[in-house]
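Undergrad: Encoded as structure tokens, here's the structure I'll be asking about.
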Amino acid sequence: MTVHEPHTGRARLAGRFIWHYIEMVIAMSLGMLLLGLVWSAVLPGDTRFDVSTLIMAADMTVGMAVWMRVRRHGWAAIGEMSLAMFAPFLVLLVPYWFGALPGHLVMSIGHTLMFVLMAVAMLWRREEYLHHHHRLRVPWTWVRRAAVVLAVLLIPASVSAVNTIGKFGDQYRARADAVSARPVARTHDPAKPTVAFLVGGKGTNAADLLGPYEVLAGTGRVNTYVVSAGPRLVPLTGGLDIVPDLTFDELTRLMSERGDRLDAVVIPALQPPDPAESASISAWLRQQSAAGALTVSVCVGARTLAASGLLDGRPATSHWLRLSGLRKDFPNVRWTRGTRYVDDGNVITAAGVLSGIEGGLRIIERLLDPETARAAAQRVHWRHYVPGTPARIPESVLEPSDVVVALNASYQTGPSTIGVQLTEGVGELELASAFVSYTEYSMVGRTVAVGDGPIHSRHGLTFVPRSTVAAADLDRLLVPGLDAARRHQAATGGPRPEYLHVNQEFAFDPVLRDLARTYDVQTARFAAKTLEYPVLDVKLTGSAWPWSATLVPVLLALLGGAAAVATGLVFRRIRARRLGPPVMTAPATLG
């Protein structure tokens, strides 16, 4: 007699059904991930929210459909499941287009409905999903080949990961020692407009900060202060530390004592601050805006400004490479591209990095007059100033040649440990050009500020070196600043000093030429592209491509492949010895 176990059979079928569902969730996630990488390389960085949502839904649907076909499901079932995944987002975008549903609700409701409808589609054809027994049989030869491929990729991937993580991690690393330094005492003139430049405790982009700072401070007609939420030494890009002039509270007391008010706040790109500091910054920005101050973001400083709520419902811009993420995180902001800045009344947002110079010139136009702005542009040798209106700039996207930055971050063989000597009276833009160009915008190496003690820049900012030249193990020693070159002011005991600025020109021009000459032209062009700085009139000469950095992963891959083949041969010999010699048998005879 046969004993039936209905409960066990039902549990097995339920488990099979659930596992089938999980398989498709994994497949759609892989589709979104892998196809997303492809689209990010070929599509503009600031794709509209509705377009990016439909692309995401299509990526998930394709991943799921491919897996169902591998599982040998019928086309009808694949079509139903595809509709269940794609339709919720398409339907929800209709009220989004009419302004009745915000973007974040489209995403959350769409994903919820998608998962529910997937389960409904499976229940609709439950017999197919419950009794579908197709199994994948992977030939052992494929497994061996896959192992060889993984071994080939393992060594170059490991080297890339270590170098890339190290270089990115060093860009805003806080100094290990405790240093006490005081800012320069300033005389406040209530008759002049006052502009505060925000810095964050976790780090601030040097060019975003120092470019507009020099433009404004160089006029001599503006009170300029670098301010922070608390008293501390703040890291800037590439191992440069600045001493803020004032805290928020100190600035408030100063304005009250002088019977003055803040006229503008400049917000450069900040490394993500701690939650408490982030809340303090947002509250302070809202307070200054309510009191009548002009708020101006530079590059990804737009993220900090958007987080305060001051950009809601307004047009704004930022760096071309970051607009896609900003659009997703702040869908209530009308993000735009292809322009140096967007002036929307009491809020100005500048595009990437050196667009901050144009943002600074626009502040001068607003607080002073166009002639002072024109003179300020000439003083820093900025050739791209367009009075009274934002200039159009290229709508950049990632291109295949931009892989150069990944090669540099992973395998750069050129001089990579770069000391930048701090000298008294150095220009702020001169200083910024040396620290950001070799690190964040080309990834050819690591920079570190070297010197014998705190120095003051041309317009009174205080910087503190991290090492002396003698104590630092350097491949190169760069000395920024035209004045330093004229005085041949450099420390001894390290590599031969190389003076970056020897002519009257925009501070980034000689640095880009040095990048092209010392490393390669494509790296210099990528740096200019990410700086949002046109270089059609800057002559770049040198190797066209980082061939040595390209050759390194090839050699590492060959090494990995050789290791995999050698390991396979060793295991085969060991296995053959264990099995012993083959046993010879006599041929069978007919009796």
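Each chain in the structure tokens gets a letter, A, B, ..., in the order shown, and its residues are numbered from 1; ligands are numbered from 1 in order too.
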I need the residues of range 286-389 of chain A that end up classed as helix (DSSP H, G or I) by DSSP on the backbone, written out as a ChimeraX atom specification.
TA: /A:286-290,301-307,323-329,355-367,370-379
Undergrad: List the spatial neighbours of Gly493 in chain A as a list in words - criterion: any atom at most 9 Å away, only C-alpha atoms, same-chain residues fewer than 3 positions off excluded.
TA: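 Listed by chain and then number, they are Val469, Ala470, Ala471 and Arg496 of chain A.
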Undergrad: Would you write out those residues with C-alpha atoms, as a tab-separated table (two decimals), in the first residue's frame?
TA:
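Saved file selection_7.tsv follows:
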chain	number	residue	atom	x	y	z
A	469	VAL	CA	60.40	68.23	1.97
A	470	ALA	CA	63.20	66.28	3.65
A	471	ALA	CA	60.80	64.01	5.55
A	496	ARG	CA	64.70	68.89	-8.04
Undergrad: Counting only C-alpha atoms, which of A:Pro275, A:Gly31, A:Gly427, A:Pro534 gets nearest to Asp483 in chain A?
TA: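 Distance minimum relative to Asp483 in chain A lands on A:Gly427.
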Undergrad: Phe115 in chain A: which residues within 9 Å, counting only C-alpha atoms, same-chain residues fewer than 5 positions away excluded, as a ChimeraX atom specification?
TA: /A:25,84-85,110,120
Undergrad: Just checking: using only C-alpha atoms, which residue out of A:Phe168, A:Phe508, A:Phe197, A:Phe248 ends up closest to Thr447 in chain A?
TA: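 Answer, going by the shortest atom-to-atom distance: A:Phe168.
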Undergrad: How close does each residue of range 138-255 of chain A get to range 302-317 of chain A, giving the shortest atom pair and distance in Å to one decimal for every residue with an atom at most 12 Å away, counting only C-alpha atoms, sorted by chain and residue number, as JSON lines?
TA:
{"residue": "A:Leu198", "atom": "CA", "partner": "A:Thr304", "partner_atom": "CA", "distance": 10.4}
{"residue": "A:Val199", "atom": "CA", "partner": "A:Thr304", "partner_atom": "CA", "distance": 11.1}
{"residue": "A:Gly200", "atom": "CA", "partner": "A:Thr304", "partner_atom": "CA", "distance": 10.3}
{"residue": "A:Thr204", "atom": "CA", "partner": "A:Thr304", "partner_atom": "CA", "distance": 11.7}
{"residue": "A:Asp208", "atom": "CA", "partner": "A:Ala302", "partner_atom": "CA", "distance": 11.4}
Undergrad: At a cut-off of 9 Å, using only C-alpha atoms, what residues contact Asp329 in chain A? Leave out same-chain residues fewer than 3 positions from it and give the result as a list in words.
TA: His104, Arg303, Ser324, Gly325, Leu326 and Asn332 of chain A
Undergrad: Would you mind listing, for every residue of range 197-251 of chain A within 12 Å of range 528-533 of chain A, the two atoms forming the shortest contact and the distance between them in Å to one decimal, using only C-alpha atoms, sorted by chain and ascending residue number, as CSV?
TA:
residue,atom,partner,partner_atom,distance
A:Asn205,CA,A:Leu531,CA,11.6
A:Ala206,CA,A:Leu531,CA,11.9
A:Ala207,CA,A:Leu531,CA,9.0
A:Asp208,CA,A:Leu531,CA,9.8
A:Gly211,CA,A:Leu531,CA,11.6
Undergrad: So which residues touch Pro102 in chain A within 12 Å, counting only C-alpha atoms, skipping near sequence neighbours fewer than 6 positions away, as a short mmCIF file (atom, residue, chain, number, x, y, z; two decimals) with all heavy atoms, in the first residue's frame?
TA:
data_model
loop_
_atom_site.label_atom_id
_atom_site.label_comp_id
_atom_site.auth_asym_id
_atom_site.auth_seq_id
_atom_site.Cartn_x
_atom_site.Cartn_y
_atom_site.Cartn_z
N PHE A 49 14.37 62.28 -15.63
CA PHE A 49 13.90 61.28 -14.68
C PHE A 49 12.99 60.26 -15.36
O PHE A 49 13.12 59.05 -15.13
CB PHE A 49 13.15 61.97 -13.53
CG PHE A 49 12.44 61.00 -12.62
CD1 PHE A 49 13.16 60.29 -11.67
CD2 PHE A 49 11.07 60.79 -12.73
CE1 PHE A 49 12.52 59.37 -10.85
CE2 PHE A 49 10.42 59.89 -11.91
CZ PHE A 49 11.15 59.18 -10.96
N ASP A 50 12.05 60.73 -16.19
CA ASP A 50 11.13 59.79 -16.81
C ASP A 50 11.85 58.84 -17.77
O ASP A 50 11.56 57.64 -17.81
CB ASP A 50 9.99 60.53 -17.53
CG ASP A 50 10.49 61.64 -18.44
OD1 ASP A 50 11.72 61.85 -18.51
OD2 ASP A 50 9.65 62.31 -19.07
N LEU A 92 2.44 55.01 -13.94
CA LEU A 92 2.68 56.02 -12.90
C LEU A 92 3.34 57.28 -13.45
O LEU A 92 3.24 58.35 -12.83
CB LEU A 92 3.55 55.42 -11.80
CG LEU A 92 2.86 54.38 -10.90
CD1 LEU A 92 3.88 53.67 -10.04
CD2 LEU A 92 1.80 55.05 -10.04
N LEU A 93 4.02 57.18 -14.58
CA LEU A 93 4.64 58.37 -15.16
C LEU A 93 3.61 59.35 -15.72
O LEU A 93 3.90 60.54 -15.88
CB LEU A 93 5.63 57.97 -16.27
CG LEU A 93 6.99 57.46 -15.77
CD1 LEU A 93 7.83 56.97 -16.95
CD2 LEU A 93 7.75 58.55 -15.01
N VAL A 94 2.41 58.87 -16.00
CA VAL A 94 1.38 59.78 -16.51
C VAL A 94 1.05 60.87 -15.49
O VAL A 94 1.11 62.06 -15.80
CB VAL A 94 0.12 58.99 -16.94
CG1 VAL A 94 -0.99 59.95 -17.35
CG2 VAL A 94 0.45 58.04 -18.08
N PRO A 95 0.70 60.52 -14.23
CA PRO A 95 0.49 61.60 -13.25
C PRO A 95 1.76 62.39 -12.95
O PRO A 95 1.70 63.56 -12.59
CB PRO A 95 -0.03 60.87 -12.01
CG PRO A 95 0.36 59.45 -12.17
CD PRO A 95 0.35 59.20 -13.65
N TYR A 96 2.93 61.75 -13.09
CA TYR A 96 4.18 62.49 -12.91
C TYR A 96 4.31 63.59 -13.96
O TYR A 96 4.71 64.72 -13.66
CB TYR A 96 5.37 61.52 -12.98
CG TYR A 96 6.71 62.22 -13.06
CD1 TYR A 96 7.33 62.72 -11.90
CD2 TYR A 96 7.35 62.39 -14.28
CE1 TYR A 96 8.55 63.37 -11.98
CE2 TYR A 96 8.57 63.03 -14.37
CZ TYR A 96 9.17 63.52 -13.21
OH TYR A 96 10.38 64.18 -13.30
N SER A 108 8.96 54.32 -5.68
CA SER A 108 8.56 53.43 -4.59
C SER A 108 7.28 52.66 -4.93
O SER A 108 7.20 51.44 -4.74
CB SER A 108 8.39 54.22 -3.30
OG SER A 108 7.42 55.25 -3.45
N ILE A 109 6.26 53.37 -5.44
CA ILE A 109 5.00 52.69 -5.79
C ILE A 109 5.22 51.75 -6.97
O ILE A 109 4.69 50.63 -7.00
CB ILE A 109 3.91 53.73 -6.12
CG1 ILE A 109 3.60 54.59 -4.89
CG2 ILE A 109 2.64 53.03 -6.61
CD1 ILE A 109 2.63 55.72 -5.16
N GLY A 313 11.91 73.59 -6.71
CA GLY A 313 11.10 74.31 -7.69
C GLY A 313 11.87 75.29 -8.54
O GLY A 313 11.27 75.99 -9.36
N LYS A 328 18.14 62.42 -9.60
CA LYS A 328 17.44 61.34 -8.90
C LYS A 328 17.21 61.69 -7.44
O LYS A 328 16.15 61.39 -6.87
CB LYS A 328 18.24 60.05 -9.01
CG LYS A 328 18.30 59.48 -10.42
CD LYS A 328 19.17 58.25 -10.49
CE LYS A 328 19.25 57.71 -11.91
NZ LYS A 328 20.16 56.55 -12.02
N ASP A 329 18.21 62.31 -6.81
CA ASP A 329 18.11 62.60 -5.38
C ASP A 329 17.24 63.81 -5.08
O ASP A 329 16.65 63.91 -4.00
CB ASP A 329 19.50 62.82 -4.78
CG ASP A 329 20.34 61.55 -4.80
OD1 ASP A 329 19.74 60.47 -4.92
OD2 ASP A 329 21.58 61.65 -4.69
N PHE A 330 17.18 64.76 -6.03
CA PHE A 330 16.41 66.00 -5.81
C PHE A 330 15.51 66.25 -7.02
O PHE A 330 15.75 67.17 -7.82
CB PHE A 330 17.35 67.18 -5.57
CG PHE A 330 18.28 66.98 -4.41
CD1 PHE A 330 19.60 66.58 -4.62
CD2 PHE A 330 17.85 67.17 -3.10
CE1 PHE A 330 20.46 66.38 -3.55
CE2 PHE A 330 18.71 66.98 -2.03
CZ PHE A 330 20.02 66.58 -2.25
N PRO A 331 14.46 65.43 -7.19
CA PRO A 331 13.61 65.55 -8.38
C PRO A 331 12.79 66.83 -8.42
O PRO A 331 12.25 67.18 -9.47
CB PRO A 331 12.70 64.32 -8.28
CG PRO A 331 12.68 63.97 -6.83
CD PRO A 331 14.04 64.31 -6.31
N ASN A 332 12.69 67.55 -7.31
CA ASN A 332 11.91 68.80 -7.30
C ASN A 332 12.70 69.99 -7.83
O ASN A 332 12.17 71.09 -7.93
CB ASN A 332 11.43 69.10 -5.88
CG ASN A 332 10.41 68.08 -5.40
OD1 ASN A 332 9.64 67.53 -6.20
ND2 ASN A 332 10.40 67.80 -4.11
N VAL A 333 13.99 69.77 -8.13
CA VAL A 333 14.82 70.84 -8.70
C VAL A 333 14.83 70.68 -10.22
O VAL A 333 14.92 69.56 -10.74
CB VAL A 333 16.26 70.77 -8.15
CG1 VAL A 333 17.11 71.89 -8.74
CG2 VAL A 333 16.25 70.84 -6.63
#
Undergrad: If we count only C-alpha atoms, what is near range 149-158 of chain A at a cut-off of 12 Å, once residues fewer than 6 positions away on the same chain are taken out, given as a list of chain:residue names?
TA: A:Trp142, A:Val143, A:Thr164, A:Ile165, A:Ala406, A:Leu407, A:Ser410, A:Tyr411, A:Ala549, A:Thr550, A:Leu551, A:Val552, A:Pro553, A:Val554, A:Leu555, A:Leu556, A:Ala557, A:Leu558, A:Leu559, A:Gly560, A:Gly561, A:Ala562, A:Ala563, A:Ala564, A:Val565, A:Ala566, A:Thr567, A:Gly568
Undergrad: Would you pick out the contacts of Ala121 in chain A at 9 Å or less, using only C-alpha atoms, so that residues sharing its chain but fewer than 4 positions from it are not included, and give the list as a ChimeraX atom specification?
TA: /A:77,80-81,84,116-117,125-126
Undergrad: Those same residues, written as a PDB file, in the first residue's frame with C-alpha atoms?
TA:
ATOM      1  CA  ALA A  77       4.562  33.620 -20.115  1.00  0.00           C
ATOM      2  CA  GLU A  80       2.964  38.477 -19.417  1.00  0.00           C
ATOM      3  CA  MET A  81       5.836  38.789 -16.950  1.00  0.00           C
ATOM      4  CA  ALA A  84       3.835  42.977 -15.181  1.00  0.00           C
ATOM      5  CA  VAL A 116       2.969  42.204  -6.666  1.00  0.00           C
ATOM      6  CA  LEU A 117       2.117  41.848 -10.357  1.00  0.00           C
ATOM      7  CA  ARG A 125       0.166  30.323 -14.950  1.00  0.00           C
ATOM      8  CA  ARG A 126       0.954  28.449 -11.767  1.00  0.00           C
TER       9      ARG A 126
END
